[in-house]
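Structure first, commentary second.
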Amino acid sequence: MVSGIIGNYLVEKGVLTAEQLNSATEEQHKTRVKLGLIAVAEGLMTTEEADIVNMLQTAMDKRFGDIAVEKGYLTEGQVEALLKKQGNAYLAFAQALENMGLMTFEELEQHLADFQQENQFTASDIEDLKSDDADRIIKVFLDNSCQQYMELVGTAFRTLMRCVDTEIYPSRAYLTDFCAANTCAMQHVEGNPGFTTALLGMDDALLPVATIFGNEEFPEVNDDALDAVAELINCINGLYATSLSYTGEETDLLPPEFSHEIMALTGKEFLVLPIYIKGKRVDFAVSIENKVEMQ
């Protein structure tokens, strides 16, 4: 997920091409992050010290950590802690970029600093992004005015990751009374309070969702495709309703609705979280108490 967020920023800035990002993402999944890169990222070693150890490894049959301890750069405890971080997604992405000769770790960190400044993210926000943890990342993209939607949005995002694509990523959520779309699947849920959720998009944006979740190749976003998306919405709401039942709250899921002949989703106030799935923007909309409808 973090490679999608940062990687697409790099594509937008012209630093990488879309093809290079796709190749780097593939490389990331088979990359074991080098201990030296992690040590530099954690501020435990300098780049120069890591280079010295790497050079010594070419002449010594010893592990990076053992040499770093001998040189006094790291303690054994630090090496043990660093070994546990070799599965970090951000560092794996950084390692993939280095392996492919696209950019150094230091260059990636500078682009990340630019990304942070442009989006007015805090240092804590950036650490949340680097964690590649869905719940921590969702919090970054929902500001304080959106906190009441957090649990439902989190349920939806985790479900999309499990059932559609582990590489999805969000952008900043916003509150609105209008979201343009020409395809939509939605469901009202009665309760106290009641809520409505929807997945909507332009043109064929929902096609990957329908195809993957429905396990069927659809030629276009037609009624059959939207029926599959509606089933996914029903799954999301069912999971959330189950969590509410643990606190004694009762809900009633109404039959889902869908259409590929609309102009927008409208309502008094609802949240929209843009989610990028297979290169296409899909909007996940949530309304609590307020009525929303397809127009």
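Just remember, in the structure tokens the first chain shown is A, the second B, etc., residues are 1-based per chain, and ligands are 1-based in the order shown.
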
(request) Find the residues around Asp66 of chain A up to 9 Å (only C-alpha atoms counted), leave out those fewer than 6 positions away in its own chain, and share them as a count of residues only. (result) 3

(message) Applying 9 Å and only C-alpha atoms, which residues near Thr197 of chain A remain after dropping the ones on its own chain fewer than 3 positions away? List them as a PyMOL selection string.
(response) chain A and resi 152+185-189+233+236-237+284-288

(request) Apply DSSP to the structure's backbone, then extract all residues of segment 41-284 of chain A labelled helix (DSSP H, G or I) and return them as a PyMOL selection string. (result) chain A and resi 41+47-57+64-70+76-83+89-99+105-119+123-131+134-141+144-163+207-214+223-245

Keeping only C-alpha atoms, write those residues as a CSV table (one decimal), in the first residue's frame.
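Ended up saving to out14.csv:
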```csv
chain,number,residue,atom,x,y,z
A,41,ALA,CA,16.7,4.4,7.8
A,47,THR,CA,25.4,5.7,4.5
A,48,GLU,CA,29.2,5.7,4.6
A,49,GLU,CA,29.4,3.2,7.4
A,50,ALA,CA,26.9,0.9,5.6
A,51,ASP,CA,29.1,1.2,2.4
A,52,ILE,CA,32.2,0.2,4.4
A,53,VAL,CA,30.5,-2.9,5.8
A,54,ASN,CA,29.1,-3.8,2.3
A,55,MET,CA,32.7,-3.5,0.9
A,56,LEU,CA,34.1,-5.7,3.7
A,57,GLN,CA,31.5,-8.3,3.0
A,64,PHE,CA,26.4,-7.6,7.6
A,65,GLY,CA,25.4,-7.5,11.2
A,66,ASP,CA,28.4,-9.4,12.5
A,67,ILE,CA,30.8,-7.0,10.7
A,68,ALA,CA,28.8,-3.9,11.9
A,69,VAL,CA,29.2,-5.1,15.5
A,70,GLU,CA,32.9,-5.8,15.0
A,76,GLU,CA,24.1,-7.1,18.9
A,77,GLY,CA,20.8,-5.9,20.3
A,78,GLN,CA,20.4,-3.4,17.6
A,79,VAL,CA,21.2,-6.0,14.9
A,80,GLU,CA,18.5,-8.3,16.4
A,81,ALA,CA,16.0,-5.5,16.3
A,82,LEU,CA,16.9,-4.6,12.7
A,83,LEU,CA,16.5,-8.2,11.6
A,89,ALA,CA,7.0,-2.6,3.0
A,90,TYR,CA,8.4,0.9,2.7
A,91,LEU,CA,12.0,-0.3,3.1
A,92,ALA,CA,11.3,-3.2,0.6
A,93,PHE,CA,10.1,-0.5,-1.9
A,94,ALA,CA,13.2,1.5,-1.2
A,95,GLN,CA,15.4,-1.5,-1.7
A,96,ALA,CA,13.6,-2.4,-5.0
A,97,LEU,CA,14.2,1.1,-6.3
A,98,GLU,CA,17.9,0.8,-5.4
A,99,ASN,CA,18.2,-2.7,-6.9
A,105,PHE,CA,17.3,5.6,-0.4
A,106,GLU,CA,18.5,9.2,0.3
A,107,GLU,CA,16.7,10.4,-2.9
A,108,LEU,CA,13.5,8.5,-1.9
A,109,GLU,CA,13.6,10.1,1.5
A,110,GLN,CA,13.9,13.6,0.0
A,111,HIS,CA,10.9,12.9,-2.3
A,112,LEU,CA,9.1,11.7,0.8
A,113,ALA,CA,9.9,14.9,2.6
A,114,ASP,CA,8.5,16.9,-0.4
A,115,PHE,CA,5.4,14.7,-0.3
A,116,GLN,CA,5.0,15.4,3.4
A,117,GLN,CA,5.3,19.1,3.0
A,118,GLU,CA,2.9,19.3,0.0
A,119,ASN,CA,0.2,17.4,1.9
A,123,ALA,CA,6.1,13.3,11.1
A,124,SER,CA,3.8,10.9,12.9
A,125,ASP,CA,1.6,10.7,9.7
A,126,ILE,CA,4.6,9.7,7.7
A,127,GLU,CA,5.5,7.0,10.2
A,128,ASP,CA,1.9,5.7,9.9
A,129,LEU,CA,2.3,5.6,6.1
A,130,LYS,CA,5.6,3.7,6.3
A,131,SER,CA,4.0,1.2,8.7
A,134,ALA,CA,-4.3,-0.3,7.0
A,135,ASP,CA,-5.8,1.2,10.1
A,136,ARG,CA,-2.9,3.6,10.8
A,137,ILE,CA,-3.0,4.7,7.1
A,138,ILE,CA,-6.7,5.3,7.1
A,139,LYS,CA,-6.4,7.6,10.1
A,140,VAL,CA,-3.9,9.8,8.1
A,141,PHE,CA,-6.5,10.4,5.4
A,144,ASN,CA,-10.8,15.3,12.8
A,145,SER,CA,-14.2,16.2,11.2
A,146,CYS,CA,-14.4,12.7,9.8
A,147,GLN,CA,-13.8,10.7,13.0
A,148,GLN,CA,-17.3,9.4,13.4
A,149,TYR,CA,-16.9,7.5,10.1
A,150,MET,CA,-13.6,5.9,11.1
A,151,GLU,CA,-14.7,2.4,12.2
A,152,LEU,CA,-17.0,1.9,9.2
A,153,VAL,CA,-14.4,3.2,6.7
A,154,GLY,CA,-11.8,0.9,8.3
A,155,THR,CA,-14.1,-2.1,7.9
A,156,ALA,CA,-14.7,-1.2,4.2
A,157,PHE,CA,-11.0,-0.7,3.5
A,158,ARG,CA,-9.8,-3.9,5.2
A,159,THR,CA,-12.6,-5.9,3.3
A,160,LEU,CA,-11.5,-4.4,0.0
A,161,MET,CA,-7.9,-5.4,0.8
A,162,ARG,CA,-8.9,-9.0,1.6
A,163,CYS,CA,-11.5,-9.5,-1.1
A,207,LEU,CA,-15.0,-3.1,-13.3
A,208,PRO,CA,-11.9,-4.5,-11.4
A,209,VAL,CA,-13.9,-4.6,-8.2
A,210,ALA,CA,-16.8,-6.5,-9.9
A,211,THR,CA,-14.5,-8.8,-11.8
A,212,ILE,CA,-12.3,-9.8,-8.8
A,213,PHE,CA,-15.0,-10.0,-6.1
A,214,GLY,CA,-17.5,-11.6,-8.5
A,223,ASP,CA,-26.3,-4.8,-14.1
A,224,ASP,CA,-24.5,-8.1,-13.5
A,225,ALA,CA,-21.2,-6.4,-12.6
A,226,LEU,CA,-23.0,-4.0,-10.3
A,227,ASP,CA,-24.8,-6.9,-8.6
A,228,ALA,CA,-21.4,-8.2,-7.7
A,229,VAL,CA,-20.3,-4.8,-6.3
A,230,ALA,CA,-23.6,-4.7,-4.4
A,231,GLU,CA,-22.8,-8.1,-2.8
A,232,LEU,CA,-19.5,-6.6,-1.7
A,233,ILE,CA,-21.2,-3.6,-0.1
A,234,ASN,CA,-23.6,-6.1,1.6
A,235,CYS,CA,-20.5,-8.0,2.9
A,236,ILE,CA,-18.9,-4.8,4.3
A,237,ASN,CA,-22.1,-3.7,6.0
A,238,GLY,CA,-22.7,-7.2,7.4
A,239,LEU,CA,-19.3,-7.2,9.0
A,240,TYR,CA,-19.8,-3.8,10.5
A,241,ALA,CA,-23.3,-4.7,11.7
A,242,THR,CA,-21.9,-7.7,13.4
A,243,SER,CA,-19.4,-5.6,15.3
A,244,LEU,CA,-22.2,-3.3,16.4
A,245,SER,CA,-24.2,-6.2,17.7
```

Using DSSP secondary structure from the backbone, list all strand (DSSP E) positions within segment 7-228 of chain A, as a PDB file with N, CA and C atoms, in the first residue's frame.
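So the final result, stored in result.pdb, reads:
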```
ATOM      1  N   TYR A 169      -4.913   1.688  -2.325  1.00  0.00           N
ATOM      2  CA  TYR A 169      -4.453   2.759  -1.447  1.00  0.00           C
ATOM      3  C   TYR A 169      -5.440   3.927  -1.516  1.00  0.00           C
ATOM      4  N   PRO A 170      -5.560   4.690  -0.418  1.00  0.00           N
ATOM      5  CA  PRO A 170      -6.529   5.791  -0.362  1.00  0.00           C
ATOM      6  C   PRO A 170      -5.880   7.142  -0.640  1.00  0.00           C
ATOM      7  N   TYR A 174     -13.110  13.445   2.284  1.00  0.00           N
ATOM      8  CA  TYR A 174     -13.731  14.758   2.417  1.00  0.00           C
ATOM      9  C   TYR A 174     -15.225  14.618   2.637  1.00  0.00           C
ATOM     10  N   LEU A 175     -15.822  15.644   3.236  1.00  0.00           N
ATOM     11  CA  LEU A 175     -17.267  15.691   3.456  1.00  0.00           C
ATOM     12  C   LEU A 175     -17.911  16.499   2.342  1.00  0.00           C
ATOM     13  N   THR A 176     -19.048  16.041   1.852  1.00  0.00           N
ATOM     14  CA  THR A 176     -19.687  16.707   0.727  1.00  0.00           C
ATOM     15  C   THR A 176     -21.182  16.415   0.716  1.00  0.00           C
ATOM     16  N   ASP A 177     -21.905  17.041  -0.201  1.00  0.00           N
ATOM     17  CA  ASP A 177     -23.311  16.696  -0.434  1.00  0.00           C
ATOM     18  C   ASP A 177     -23.533  16.247  -1.880  1.00  0.00           C
ATOM     19  N   PHE A 178     -22.400  16.080  -2.626  1.00  0.00           N
ATOM     20  CA  PHE A 178     -22.492  15.716  -4.031  1.00  0.00           C
ATOM     21  C   PHE A 178     -21.229  14.999  -4.467  1.00  0.00           C
ATOM     22  N   CYS A 179     -21.378  13.832  -5.093  1.00  0.00           N
ATOM     23  CA  CYS A 179     -20.232  13.106  -5.620  1.00  0.00           C
ATOM     24  C   CYS A 179     -20.591  12.613  -7.018  1.00  0.00           C
ATOM     25  N   ALA A 180     -19.922  13.138  -8.022  1.00  0.00           N
ATOM     26  CA  ALA A 180     -20.221  12.772  -9.403  1.00  0.00           C
ATOM     27  C   ALA A 180     -19.835  11.317  -9.667  1.00  0.00           C
ATOM     28  N   THR A 183     -21.839   5.237 -12.250  1.00  0.00           N
ATOM     29  CA  THR A 183     -22.153   3.877 -11.798  1.00  0.00           C
ATOM     30  C   THR A 183     -22.069   3.837 -10.278  1.00  0.00           C
ATOM     31  N   CYS A 184     -22.966   3.088  -9.658  1.00  0.00           N
ATOM     32  CA  CYS A 184     -23.002   3.082  -8.189  1.00  0.00           C
ATOM     33  C   CYS A 184     -23.747   1.857  -7.684  1.00  0.00           C
ATOM     34  N   ALA A 185     -23.250   1.306  -6.586  1.00  0.00           N
ATOM     35  CA  ALA A 185     -23.964   0.287  -5.816  1.00  0.00           C
ATOM     36  C   ALA A 185     -24.006   0.782  -4.386  1.00  0.00           C
ATOM     37  N   MET A 186     -25.169   0.703  -3.746  1.00  0.00           N
ATOM     38  CA  MET A 186     -25.307   1.254  -2.404  1.00  0.00           C
ATOM     39  C   MET A 186     -26.286   0.426  -1.583  1.00  0.00           C
ATOM     40  N   GLN A 187     -26.220   0.651  -0.266  1.00  0.00           N
ATOM     41  CA  GLN A 187     -27.121  -0.066   0.635  1.00  0.00           C
ATOM     42  C   GLN A 187     -27.434   0.794   1.847  1.00  0.00           C
ATOM     43  N   HIS A 188     -28.735   0.861   2.184  1.00  0.00           N
ATOM     44  CA  HIS A 188     -29.178   1.540   3.398  1.00  0.00           C
ATOM     45  C   HIS A 188     -29.249   0.514   4.525  1.00  0.00           C
ATOM     46  N   VAL A 189     -28.850   0.940   5.706  1.00  0.00           N
ATOM     47  CA  VAL A 189     -28.907   0.082   6.894  1.00  0.00           C
ATOM     48  C   VAL A 189     -29.681   0.824   7.970  1.00  0.00           C
ATOM     49  N   GLU A 190     -30.776   0.239   8.399  1.00  0.00           N
ATOM     50  CA  GLU A 190     -31.594   0.859   9.444  1.00  0.00           C
ATOM     51  C   GLU A 190     -31.013   0.531  10.814  1.00  0.00           C
ATOM     52  N   GLY A 191     -31.075   1.484  11.720  1.00  0.00           N
ATOM     53  CA  GLY A 191     -30.555   1.278  13.060  1.00  0.00           C
ATOM     54  C   GLY A 191     -30.553   2.583  13.810  1.00  0.00           C
ATOM     55  N   PHE A 195     -27.320   4.099   8.665  1.00  0.00           N
ATOM     56  CA  PHE A 195     -26.238   4.573   7.802  1.00  0.00           C
ATOM     57  C   PHE A 195     -26.405   4.005   6.395  1.00  0.00           C
ATOM     58  N   THR A 196     -25.685   4.594   5.467  1.00  0.00           N
ATOM     59  CA  THR A 196     -25.686   4.157   4.074  1.00  0.00           C
ATOM     60  C   THR A 196     -24.248   4.101   3.585  1.00  0.00           C
ATOM     61  N   THR A 197     -23.917   3.077   2.840  1.00  0.00           N
ATOM     62  CA  THR A 197     -22.596   3.001   2.223  1.00  0.00           C
ATOM     63  C   THR A 197     -22.767   2.775   0.724  1.00  0.00           C
ATOM     64  N   ALA A 198     -21.774   3.196  -0.030  1.00  0.00           N
ATOM     65  CA  ALA A 198     -21.830   3.036  -1.484  1.00  0.00           C
ATOM     66  C   ALA A 198     -20.431   2.945  -2.061  1.00  0.00           C
ATOM     67  N   LEU A 199     -20.310   2.216  -3.146  1.00  0.00           N
ATOM     68  CA  LEU A 199     -19.120   2.229  -3.987  1.00  0.00           C
ATOM     69  C   LEU A 199     -19.544   2.792  -5.332  1.00  0.00           C
ATOM     70  N   LEU A 200     -18.869   3.830  -5.796  1.00  0.00           N
ATOM     71  CA  LEU A 200     -19.277   4.492  -7.024  1.00  0.00           C
ATOM     72  C   LEU A 200     -18.065   4.943  -7.812  1.00  0.00           C
ATOM     73  N   GLY A 201     -18.265   5.194  -9.103  1.00  0.00           N
ATOM     74  CA  GLY A 201     -17.163   5.624  -9.932  1.00  0.00           C
ATOM     75  C   GLY A 201     -17.631   6.070 -11.298  1.00  0.00           C
TER      76      GLY A 201
END
```

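Taking only C-alpha atoms into account, Lys278 of chain A lies nearest to A:Asp204 out of the set A:Thr122, A:Val15, A:Thr46, A:Asp204.
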
(message) Quick one: residues within 9 Å of Arg281 of chain A, only C-alpha atoms, excluding same-chain residues fewer than 6 positions away - as a PyMOL selection string?
(response) chain A and resi 201-202+205-206+274-275
